[in-house]
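entry_14.cif (mmCIF, C-alpha atoms and all ligand atoms; chains and numbers go by the auth columns)
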```cif
data_run
#
loop_
_atom_site.group_PDB
_atom_site.id
_atom_site.type_symbol
_atom_site.label_atom_id
_atom_site.label_comp_id
_atom_site.label_asym_id
_atom_site.label_seq_id
_atom_site.Cartn_x
_atom_site.Cartn_y
_atom_site.Cartn_z
_atom_site.B_iso_or_equiv
_atom_site.auth_seq_id
_atom_site.auth_asym_id
ATOM 1 C CA MET A 1 -30.774 21.912 -5.364 0.00 19 A
ATOM 2 C CA LYS A 2 -28.043 20.133 -3.426 0.00 20 A
ATOM 3 C CA SER A 3 -24.481 20.257 -4.664 0.00 21 A
ATOM 4 C CA MET A 4 -23.312 17.140 -6.479 0.00 22 A
ATOM 5 C CA LYS A 5 -19.824 17.414 -5.057 0.00 23 A
ATOM 6 C CA THR A 6 -19.181 14.753 -2.446 0.00 24 A
ATOM 7 C CA THR A 7 -16.291 14.394 -0.083 0.00 25 A
ATOM 8 C CA THR A 8 -15.700 11.889 2.655 0.00 26 A
ATOM 9 C CA SER A 9 -15.071 13.087 6.157 0.00 27 A
ATOM 10 C CA ARG A 10 -11.559 11.626 6.160 0.00 28 A
ATOM 11 C CA ILE A 11 -10.127 12.608 2.834 0.00 29 A
ATOM 12 C CA SER A 12 -11.314 13.754 -0.559 0.00 30 A
ATOM 13 C CA ILE A 13 -10.634 11.152 -3.198 0.00 31 A
ATOM 14 C CA VAL A 14 -9.639 12.057 -6.729 0.00 32 A
ATOM 15 C CA THR A 15 -11.561 10.053 -9.301 0.00 33 A
ATOM 16 C CA ASP A 16 -9.497 10.743 -12.431 0.00 34 A
ATOM 17 C CA PRO A 17 -8.906 7.668 -14.594 0.00 35 A
ATOM 18 C CA CYS A 18 -5.498 5.995 -14.810 0.00 36 A
ATOM 19 C CA ALA A 19 -2.932 8.385 -16.316 0.00 37 A
ATOM 20 C CA LYS A 20 -1.418 5.634 -18.454 0.00 38 A
ATOM 21 C CA CYS A 21 -4.257 3.438 -19.752 0.00 39 A
ATOM 22 C CA GLY A 22 -7.306 5.556 -18.922 0.00 40 A
ATOM 23 C CA CYS A 23 -9.175 2.819 -17.079 0.00 41 A
ATOM 24 C CA GLN A 24 -10.987 3.496 -13.826 0.00 42 A
ATOM 25 C CA ILE A 25 -8.833 3.026 -10.741 0.00 43 A
ATOM 26 C CA ALA A 26 -10.371 0.622 -8.227 0.00 44 A
ATOM 27 C CA PRO A 27 -11.983 2.411 -5.255 0.00 45 A
ATOM 28 C CA ALA A 28 -9.957 0.323 -2.790 0.00 46 A
ATOM 29 C CA ARG A 29 -6.746 1.503 -4.468 0.00 47 A
ATOM 30 C CA ARG A 30 -8.002 5.089 -4.313 0.00 48 A
ATOM 31 C CA GLU A 31 -8.658 4.686 -0.646 0.00 49 A
ATOM 32 C CA ALA A 32 -5.241 3.174 0.073 0.00 50 A
ATOM 33 C CA LEU A 33 -3.318 5.553 -2.206 0.00 51 A
ATOM 34 C CA PRO A 34 -5.372 8.755 -2.582 0.00 52 A
ATOM 35 C CA HIS A 35 -2.698 10.476 -4.664 0.00 53 A
ATOM 36 C CA THR A 36 -1.984 7.654 -7.097 0.00 54 A
ATOM 37 C CA SER A 37 -2.412 8.468 -10.772 0.00 55 A
ATOM 38 C CA THR A 38 -2.191 4.944 -12.200 0.00 56 A
ATOM 39 C CA CYS A 39 -4.108 1.693 -11.846 0.00 57 A
ATOM 40 C CA VAL A 40 -2.518 -1.430 -10.357 0.00 58 A
ATOM 41 C CA LYS A 41 -1.515 -2.792 -13.793 0.00 59 A
ATOM 42 C CA CYS A 42 0.234 0.439 -14.819 0.00 60 A
ATOM 43 C CA SER A 43 1.911 1.122 -11.491 0.00 61 A
ATOM 44 C CA ASP A 44 5.678 0.735 -11.643 0.00 62 A
ATOM 45 C CA ALA A 45 5.960 0.295 -7.895 0.00 63 A
ATOM 46 C CA LYS A 46 7.403 -3.064 -6.946 0.00 64 A
ATOM 47 C CA ALA A 47 5.635 -5.490 -4.669 0.00 65 A
ATOM 48 C CA TYR A 48 6.896 -5.446 -1.110 0.00 66 A
ATOM 49 C CA VAL A 49 7.656 -8.439 1.042 0.00 67 A
ATOM 50 C CA GLY A 50 5.816 -8.578 4.348 0.00 68 A
ATOM 51 C CA PHE A 51 6.602 -10.549 7.448 0.00 69 A
ATOM 52 C CA MET A 52 5.414 -10.752 11.032 0.00 70 A
ATOM 53 C CA ASP A 53 7.702 -9.430 13.740 0.00 71 A
ATOM 54 C CA TRP A 54 6.639 -10.900 17.070 0.00 72 A
ATOM 55 C CA GLY A 55 8.697 -8.392 19.043 0.00 73 A
ATOM 56 C CA HIS A 56 5.803 -7.823 21.416 0.00 74 A
ATOM 57 C CA LYS A 57 4.125 -10.739 23.162 0.00 75 A
ATOM 58 C CA THR A 58 0.629 -9.437 22.610 0.00 76 A
ATOM 59 C CA ALA A 59 0.825 -7.636 19.297 0.00 77 A
ATOM 60 C CA PRO A 60 2.870 -8.708 16.312 0.00 78 A
ATOM 61 C CA GLU A 61 3.898 -6.131 13.802 0.00 79 A
ATOM 62 C CA ILE A 62 3.669 -6.504 10.046 0.00 80 A
ATOM 63 C CA VAL A 63 6.914 -5.225 8.540 0.00 81 A
ATOM 64 C CA MET A 64 7.016 -4.437 4.824 0.00 82 A
ATOM 65 C CA VAL A 65 10.369 -4.587 3.053 0.00 83 A
ATOM 66 C CA ASN A 66 11.275 -3.604 -0.493 0.00 84 A
ATOM 67 C CA PRO A 67 12.674 -6.808 -2.070 0.00 85 A
ATOM 68 C CA ASP A 68 15.541 -4.748 -3.546 0.00 86 A
ATOM 69 C CA ASP A 69 16.540 -3.578 -0.080 0.00 87 A
ATOM 70 C CA ARG A 70 18.894 -6.468 0.655 0.00 88 A
ATOM 71 C CA GLU A 71 20.059 -5.136 4.008 0.00 89 A
ATOM 72 C CA ASN A 72 16.530 -4.890 5.423 0.00 90 A
ATOM 73 C CA LEU A 73 15.507 -8.152 3.793 0.00 91 A
ATOM 74 C CA ARG A 74 18.409 -9.874 5.566 0.00 92 A
ATOM 75 C CA ARG A 75 17.361 -8.284 8.881 0.00 93 A
ATOM 76 C CA ALA A 76 13.781 -9.387 8.307 0.00 94 A
ATOM 77 C CA GLN A 77 14.894 -12.963 7.732 0.00 95 A
ATOM 78 C CA ALA A 78 17.120 -12.870 10.812 0.00 96 A
ATOM 79 C CA ILE A 79 14.210 -11.656 12.964 0.00 97 A
ATOM 80 C CA ASN A 80 11.992 -14.339 11.481 0.00 98 A
ATOM 81 C CA GLU A 81 14.522 -17.054 12.327 0.00 99 A
ATOM 82 C CA ARG A 82 14.908 -15.836 15.904 0.00 100 A
ATOM 83 C CA ARG A 83 11.154 -15.968 16.607 0.00 101 A
ATOM 84 C CA ARG A 84 10.733 -19.612 15.730 0.00 102 A
HETATM 85 ZN ZN ZN B . -3.716 1.871 -16.039 0.00 201 A
#
```
Would you mind writing the structure in this file as structure tokens?
Amino acid sequence: MKSMKTTTSRISIVTDPCAKCGCQIAPARREALPHTSTCVKCSDAKAYVGFMDWGHKTAPEIVMVNPDDRENLRRAQAINERRR
């Protein structure tokens, strides 16, 4: 009989339920954050602010900034103003 254990070629994904509420963590979240122990609702991580940096003519870059990081947020806004 074949083993029931499955792993992907890239990374093995833990399938434990959320450590706080016990619900199942969405597969997409598992894939993005393989070591997370909480679901989206229970996560205490803050949402980041993203913006496009058109520093290269052919390929813009998505820059993610923590909204509490005022220095980088200011830089992000300055870059954004310059590109317009
Ligand atoms: Zn949860």
Test item: the PyMOL selection byres (((chain A and resi 42-47) around 12) and not hetatm) resolved as a list in words
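When the PyMOL selection byres (((chain A and resi 42-47) around 12) and not hetatm) is applied, the selected residues are Ile31, Val32, Thr33, Asp34, Pro35, Cys36, Ala37, Lys38, Cys39, Gly40, Cys41, Arg48, Glu49, Ala50, Leu51, Pro52, His53, Thr54, Ser55, Thr56, Cys57, Val58, Lys59, Cys60 and Ser61 of chain A.
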Could you dump the residues just selected with C-alpha atoms as a PDB file, keeping the file's coordinate frame?
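Listed below is the output, again29.pdb:
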```
ATOM      1  CA  ILE A  31     -10.634  11.152  -3.198  1.00  0.00           C
ATOM      2  CA  VAL A  32      -9.639  12.057  -6.729  1.00  0.00           C
ATOM      3  CA  THR A  33     -11.561  10.053  -9.301  1.00  0.00           C
ATOM      4  CA  ASP A  34      -9.497  10.743 -12.431  1.00  0.00           C
ATOM      5  CA  PRO A  35      -8.906   7.668 -14.594  1.00  0.00           C
ATOM      6  CA  CYS A  36      -5.498   5.995 -14.810  1.00  0.00           C
ATOM      7  CA  ALA A  37      -2.932   8.385 -16.316  1.00  0.00           C
ATOM      8  CA  LYS A  38      -1.418   5.634 -18.454  1.00  0.00           C
ATOM      9  CA  CYS A  39      -4.257   3.438 -19.752  1.00  0.00           C
ATOM     10  CA  GLY A  40      -7.306   5.556 -18.922  1.00  0.00           C
ATOM     11  CA  CYS A  41      -9.175   2.819 -17.079  1.00  0.00           C
ATOM     12  CA  ARG A  48      -8.002   5.089  -4.313  1.00  0.00           C
ATOM     13  CA  GLU A  49      -8.658   4.686  -0.646  1.00  0.00           C
ATOM     14  CA  ALA A  50      -5.241   3.174   0.073  1.00  0.00           C
ATOM     15  CA  LEU A  51      -3.318   5.553  -2.206  1.00  0.00           C
ATOM     16  CA  PRO A  52      -5.372   8.755  -2.582  1.00  0.00           C
ATOM     17  CA  HIS A  53      -2.698  10.476  -4.664  1.00  0.00           C
ATOM     18  CA  THR A  54      -1.984   7.654  -7.097  1.00  0.00           C
ATOM     19  CA  SER A  55      -2.412   8.468 -10.772  1.00  0.00           C
ATOM     20  CA  THR A  56      -2.191   4.944 -12.200  1.00  0.00           C
ATOM     21  CA  CYS A  57      -4.108   1.693 -11.846  1.00  0.00           C
ATOM     22  CA  VAL A  58      -2.518  -1.430 -10.357  1.00  0.00           C
ATOM     23  CA  LYS A  59      -1.515  -2.792 -13.793  1.00  0.00           C
ATOM     24  CA  CYS A  60       0.234   0.439 -14.819  1.00  0.00           C
ATOM     25  CA  SER A  61       1.911   1.122 -11.491  1.00  0.00           C
TER      26      SER A  61
END
```
Check which residues satisfy the PyMOL selection byres (((chain A and resi 94) around 12) and not hetatm) in the file shown, then give them as a PDB file with C-alpha atoms, in the frame of the given file.
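The result, stored in expr-v1.pdb:
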```pdb
ATOM      1  CA  VAL A  67       7.656  -8.439   1.042  1.00  0.00           C
ATOM      2  CA  GLY A  68       5.816  -8.578   4.348  1.00  0.00           C
ATOM      3  CA  PHE A  69       6.602 -10.549   7.448  1.00  0.00           C
ATOM      4  CA  MET A  70       5.414 -10.752  11.032  1.00  0.00           C
ATOM      5  CA  ASP A  71       7.702  -9.430  13.740  1.00  0.00           C
ATOM      6  CA  TRP A  72       6.639 -10.900  17.070  1.00  0.00           C
ATOM      7  CA  GLY A  73       8.697  -8.392  19.043  1.00  0.00           C
ATOM      8  CA  GLU A  79       3.898  -6.131  13.802  1.00  0.00           C
ATOM      9  CA  ILE A  80       3.669  -6.504  10.046  1.00  0.00           C
ATOM     10  CA  VAL A  81       6.914  -5.225   8.540  1.00  0.00           C
ATOM     11  CA  MET A  82       7.016  -4.437   4.824  1.00  0.00           C
ATOM     12  CA  VAL A  83      10.369  -4.587   3.053  1.00  0.00           C
ATOM     13  CA  ASN A  84      11.275  -3.604  -0.493  1.00  0.00           C
ATOM     14  CA  PRO A  85      12.674  -6.808  -2.070  1.00  0.00           C
ATOM     15  CA  ASP A  87      16.540  -3.578  -0.080  1.00  0.00           C
ATOM     16  CA  ARG A  88      18.894  -6.468   0.655  1.00  0.00           C
ATOM     17  CA  GLU A  89      20.059  -5.136   4.008  1.00  0.00           C
ATOM     18  CA  ASN A  90      16.530  -4.890   5.423  1.00  0.00           C
ATOM     19  CA  LEU A  91      15.507  -8.152   3.793  1.00  0.00           C
ATOM     20  CA  ARG A  92      18.409  -9.874   5.566  1.00  0.00           C
ATOM     21  CA  ARG A  93      17.361  -8.284   8.881  1.00  0.00           C
ATOM     22  CA  GLN A  95      14.894 -12.963   7.732  1.00  0.00           C
ATOM     23  CA  ALA A  96      17.120 -12.870  10.812  1.00  0.00           C
ATOM     24  CA  ILE A  97      14.210 -11.656  12.964  1.00  0.00           C
ATOM     25  CA  ASN A  98      11.992 -14.339  11.481  1.00  0.00           C
ATOM     26  CA  GLU A  99      14.522 -17.054  12.327  1.00  0.00           C
ATOM     27  CA  ARG A 100      14.908 -15.836  15.904  1.00  0.00           C
ATOM     28  CA  ARG A 101      11.154 -15.968  16.607  1.00  0.00           C
TER      29      ARG A 101
END
```
Given 5 Å on each side, where is the centre and what are the edge lengths in Å to one decimal of the axis-aligned box enclosing the listed atoms of stretch 84-102 of chain A, as JSON?
```
{"center_x": 15.4, "center_y": -11.6, "center_z": 6.5, "size_x": 19.3, "size_y": 26.0, "size_z": 30.2}
```
Could stretch 51-74 of chain A be completed with N, CA and C atoms and written as an mmCIF file, keeping the file's coordinate frame, please?
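Output saved as rebuild_2.cif:
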```cif
data_model
loop_
_atom_site.group_PDB
_atom_site.id
_atom_site.type_symbol
_atom_site.label_atom_id
_atom_site.label_comp_id
_atom_site.auth_asym_id
_atom_site.auth_seq_id
_atom_site.Cartn_x
_atom_site.Cartn_y
_atom_site.Cartn_z
ATOM 1 N N LEU A 51 -4.293 4.623 -1.633
ATOM 2 C CA LEU A 51 -3.318 5.553 -2.206
ATOM 3 C C LEU A 51 -4.064 6.722 -2.851
ATOM 4 N N PRO A 52 -4.540 7.662 -2.048
ATOM 5 C CA PRO A 52 -5.372 8.755 -2.582
ATOM 6 C C PRO A 52 -4.692 9.582 -3.674
ATOM 7 N N HIS A 53 -3.385 9.618 -3.687
ATOM 8 C CA HIS A 53 -2.698 10.476 -4.664
ATOM 9 C C HIS A 53 -2.143 9.701 -5.847
ATOM 10 N N THR A 54 -2.488 8.431 -5.972
ATOM 11 C CA THR A 54 -1.984 7.654 -7.097
ATOM 12 C C THR A 54 -2.621 8.128 -8.400
ATOM 13 N N SER A 55 -1.869 8.038 -9.488
ATOM 14 C CA SER A 55 -2.412 8.468 -10.772
ATOM 15 C C SER A 55 -2.516 7.303 -11.742
ATOM 16 N N THR A 56 -2.129 6.109 -11.313
ATOM 17 C CA THR A 56 -2.191 4.944 -12.200
ATOM 18 C C THR A 56 -2.937 3.793 -11.534
ATOM 19 N N CYS A 57 -3.455 2.890 -12.370
ATOM 20 C CA CYS A 57 -4.108 1.693 -11.846
ATOM 21 C C CYS A 57 -3.025 0.682 -11.429
ATOM 22 N N VAL A 58 -3.457 -0.414 -10.841
ATOM 23 C CA VAL A 58 -2.518 -1.430 -10.357
ATOM 24 C C VAL A 58 -1.636 -1.953 -11.493
ATOM 25 N N LYS A 59 -2.264 -2.231 -12.668
ATOM 26 C CA LYS A 59 -1.515 -2.792 -13.793
ATOM 27 C C LYS A 59 -0.435 -1.848 -14.302
ATOM 28 N N CYS A 60 -0.706 -0.532 -14.269
ATOM 29 C CA CYS A 60 0.234 0.439 -14.819
ATOM 30 C C CYS A 60 1.239 0.942 -13.789
ATOM 31 N N SER A 61 1.005 0.653 -12.529
ATOM 32 C CA SER A 61 1.911 1.122 -11.491
ATOM 33 C C SER A 61 3.285 0.502 -11.677
ATOM 34 N N ASP A 62 4.337 1.307 -11.529
ATOM 35 C CA ASP A 62 5.678 0.735 -11.643
ATOM 36 C C ASP A 62 6.287 0.468 -10.268
ATOM 37 N N ALA A 63 5.474 0.610 -9.238
ATOM 38 C CA ALA A 63 5.960 0.295 -7.895
ATOM 39 C C ALA A 63 6.120 -1.214 -7.759
ATOM 40 N N LYS A 64 7.167 -1.641 -7.115
ATOM 41 C CA LYS A 64 7.403 -3.064 -6.946
ATOM 42 C C LYS A 64 6.637 -3.583 -5.741
ATOM 43 N N ALA A 65 6.313 -4.857 -5.794
ATOM 44 C CA ALA A 65 5.635 -5.490 -4.669
ATOM 45 C C ALA A 65 6.602 -5.561 -3.492
ATOM 46 N N TYR A 66 6.085 -5.343 -2.311
ATOM 47 C CA TYR A 66 6.896 -5.446 -1.110
ATOM 48 C C TYR A 66 6.742 -6.819 -0.498
ATOM 49 N N VAL A 67 7.703 -7.178 0.325
ATOM 50 C CA VAL A 67 7.656 -8.439 1.042
ATOM 51 C C VAL A 67 7.252 -8.119 2.473
ATOM 52 N N GLY A 68 6.268 -8.834 2.980
ATOM 53 C CA GLY A 68 5.816 -8.578 4.348
ATOM 54 C C GLY A 68 6.127 -9.753 5.246
ATOM 55 N N PHE A 69 6.405 -9.465 6.489
ATOM 56 C CA PHE A 69 6.602 -10.549 7.448
ATOM 57 C C PHE A 69 6.137 -10.096 8.815
ATOM 58 N N MET A 70 5.879 -11.066 9.689
ATOM 59 C CA MET A 70 5.414 -10.752 11.032
ATOM 60 C C MET A 70 6.602 -10.668 11.978
ATOM 61 N N ASP A 71 6.676 -9.584 12.710
ATOM 62 C CA ASP A 71 7.702 -9.430 13.740
ATOM 63 C C ASP A 71 7.009 -9.550 15.091
ATOM 64 N N TRP A 72 7.270 -10.673 15.762
ATOM 65 C CA TRP A 72 6.639 -10.900 17.070
ATOM 66 C C TRP A 72 7.492 -10.305 18.183
ATOM 67 N N GLY A 73 7.877 -9.062 18.042
ATOM 68 C CA GLY A 73 8.697 -8.392 19.043
ATOM 69 C C GLY A 73 7.942 -8.146 20.337
ATOM 70 N N HIS A 74 6.632 -8.023 20.226
ATOM 71 C CA HIS A 74 5.803 -7.823 21.416
ATOM 72 C C HIS A 74 4.995 -9.096 21.627
#
```
